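Here is the structure we will look at, set down as structure tokens.
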Amino acid sequence: MILGVLNRYLIRQNLYLMAICLVVGTSLYLLSDIFDRLDDFIRAGLGAQTILFYFAVKIPLIVSQLMPAVFLLAMVVQLGVLTRSREMLALRAGGVSFGWFIRFFVVYALIWGCGQLVFSQFLGAFGEQEANRIWKEDVRKKQLDELTIHNLWFRDGPFIVEAREAQPSKSRATGITVYEFTTDNQQLIRILTAKKALVDDHGWGLLDVHELDTRTFVTVDRASQFLSVRQNLKAYAAVELKGDTAQLPLPALSKAIQRLQESGSNVEMLLTIWHGKLAYAFSMVVMALLALMLVTFSENVYANIGLSLILIFIQYGTHVVGETAGEKGVLPPIVAAWLGNGIMGAVACLRLAWVTMPGFKSMIQTAVAGLIPRRT
């Protein structure tokens with residue numbers, strides 16, 4: 001019963017502090033965005049309704065981005081208040097160990113991580129897509145259908161297709177080269193080159209075609225030729241538009257990755273983004289561990305708030321570095337996406353194990369002593 005009351009007390013206190021931090025953080029973020037972009041909206045001649053709608057739909061995106069940092073700050077303040085008011089000391093004297101707090105806040109952070117993931121993939125994704133659409137179409141006057149993909153290639157059945165330029169919105173490509181193989185992929189049958197291609201769901205219509213039969217070395221020129229390639233160009237827009245792809249919810253992103261994998265395209269960037277969405281949501285657990293780690297170093301709540309801000313930037317920086325490495329193929333996507341969580345979580349776990357597990361502390365001390373040579 002006592003633990004039930006304590007659970008409710010800690011949750012209620014944490015929610016109150018998170019609400020304060022979230023309101024302050026969201027307000028500062030919105031004010032910064034307003035000062036940065038208001039002139040652009042005015043120059044574009046947009047009405048107050050469109051401007052208000054833009055900033056309104058950005059609020060879910062802002063909340064989902066700030067939630068891990070807000071959770072860390074709220075926990076640091078909460079633990080600092082509990083320590084400063086001697087409530088932590090009284091609870092520990094009453095038999096509530098520090099390990100209990102670790103277990104409670106880790107489970108609590110896992111629940112928040114699930115909620116953060118669902119929120120970001122529905123309301124957050126919708127807000128990001130709408131805000132991006134308004135900014136590109138209404139403010140910058142850049143239509144999404146202006147995308148041009150350069151040096152596109154893919155494999156479809158016996159065909160390997162290359163295109164110098166492709167415009168997915170217009171279902172058109174230029175500078176086409178097609179390599180056709182036998183059904184067992186053991187022999188190159190012919191090479192087709194075309195100036196243009198018109199694409200639909202039934203196949204590719206090539207224009208100004210030059211065909212070379214590699215078995216007889218006979219060449220033929222045709223005005224047009226239909227090719228049974230079933231790859232729609234719109235599926236490849238996701239690879240080129242990294243920013244737009246990052247806005248897709250996980251189910252839609254999974255389908256885009258599957259389509260591109262089946263066509264033989266490189267999807268490491270999209271896989272990194274997919275894992276990155278999960279990693280960012282469950283960074284809440286890492287934030288909980290970091291807050292618990294800070295209270296083991298100092299009881300000064302103001303110092304811990306400053307240190308927590310530094311840790312937020314370090315964790316976010318390692319997360320960005322890891323995602324960049326994954327997108328470039330330097331690291332596997334899952335390792336790259338979880339790199340920041342892994343490093344910061346490991347540091348926090350080592351410190352907490354040092355404080356709460358005497359056996360672990362003795363083991364480390366024995367290992368260190370064994371590395372130091374004895375004087376004779």
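We name chains A, B, ... following the order of the structure tokens; residues begin at 1 in each chain, and ligands are numbered from 1 as shown.
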
* Apply DSSP to the structure's backbone, then extract all residues of region 136-287 of chain A labelled alpha helix (DSSP H) and return them as a PyMOL selection string. => chain A and resi 237-240+242-246+250-262+268-281+283-287

* DSSP strand (DSSP E) selection over region 113-355 of chain A, as a PyMOL selection string -> chain A and resi 149-156+159-167+172-181+188-200+203-213+218-227

* Determine, counting only C-alpha atoms, which protein, DNA and RNA residues have an atom within 12 Å of an atom of Cys114 (chain A); residues of the same chain fewer than 6 positions away are not included. Present the result as a PyMOL selection string. => chain A and resi 64+107-108+120-121+277-285

* Counting only C-alpha atoms, what is within 12 Å of region 342-349 of chain A, bar same-chain residues fewer than 5 positions away, as a ChimeraX atom specification? -> /A:99,102,106,279-280,282-297,311-319,322,334-337,354-357,360

Listing only residues of region 124-226 of chain A within 8 Å of region 53-62 of chain A, what is the closest atom pair and its distance in Å (to one decimal) for each, using only C-alpha atoms, sorted by chain and residue number ascending, as a Markdown table?
```
| residue | atom | partner | partner_atom | distance |
| --- | --- | --- | --- | --- |
| A:Gly124 | CA | A:Leu61 | CA | 4.4 |
| A:Ala125 | CA | A:Leu61 | CA | 7.0 |
| A:Phe126 | CA | A:Val57 | CA | 7.8 |
| A:Gly127 | CA | A:Val57 | CA | 4.5 |
| A:Glu128 | CA | A:Leu61 | CA | 6.0 |
| A:Glu130 | CA | A:Val57 | CA | 6.9 |
| A:Ala131 | CA | A:Tyr54 | CA | 5.5 |
| A:Ile134 | CA | A:Tyr54 | CA | 6.9 |
```

* **Surrounding residues of region 83-85 of chain A excluding itself and chain neighbours under 4 positions, 8 Å, only C-alpha atoms, as a PyMOL selection string** => chain A and resi 79+89+299-300

* Asked: Near Leu250 (chain A), counting only C-alpha atoms, which residues have an atom at most 12 Å away, once you skip same-chain residues fewer than 5 positions from it, shown as a PyMOL selection string?
  -> chain A and resi 117-122+124-125+245+255-257+270-278

* Name the residues in contact with Asp200 (chain A) at a cut-off of 9 Å, using only C-alpha atoms, excluding same-chain residues fewer than 2 positions from it; report them as a PyMOL selection string. => chain A and resi 171+198+202-205+230-233
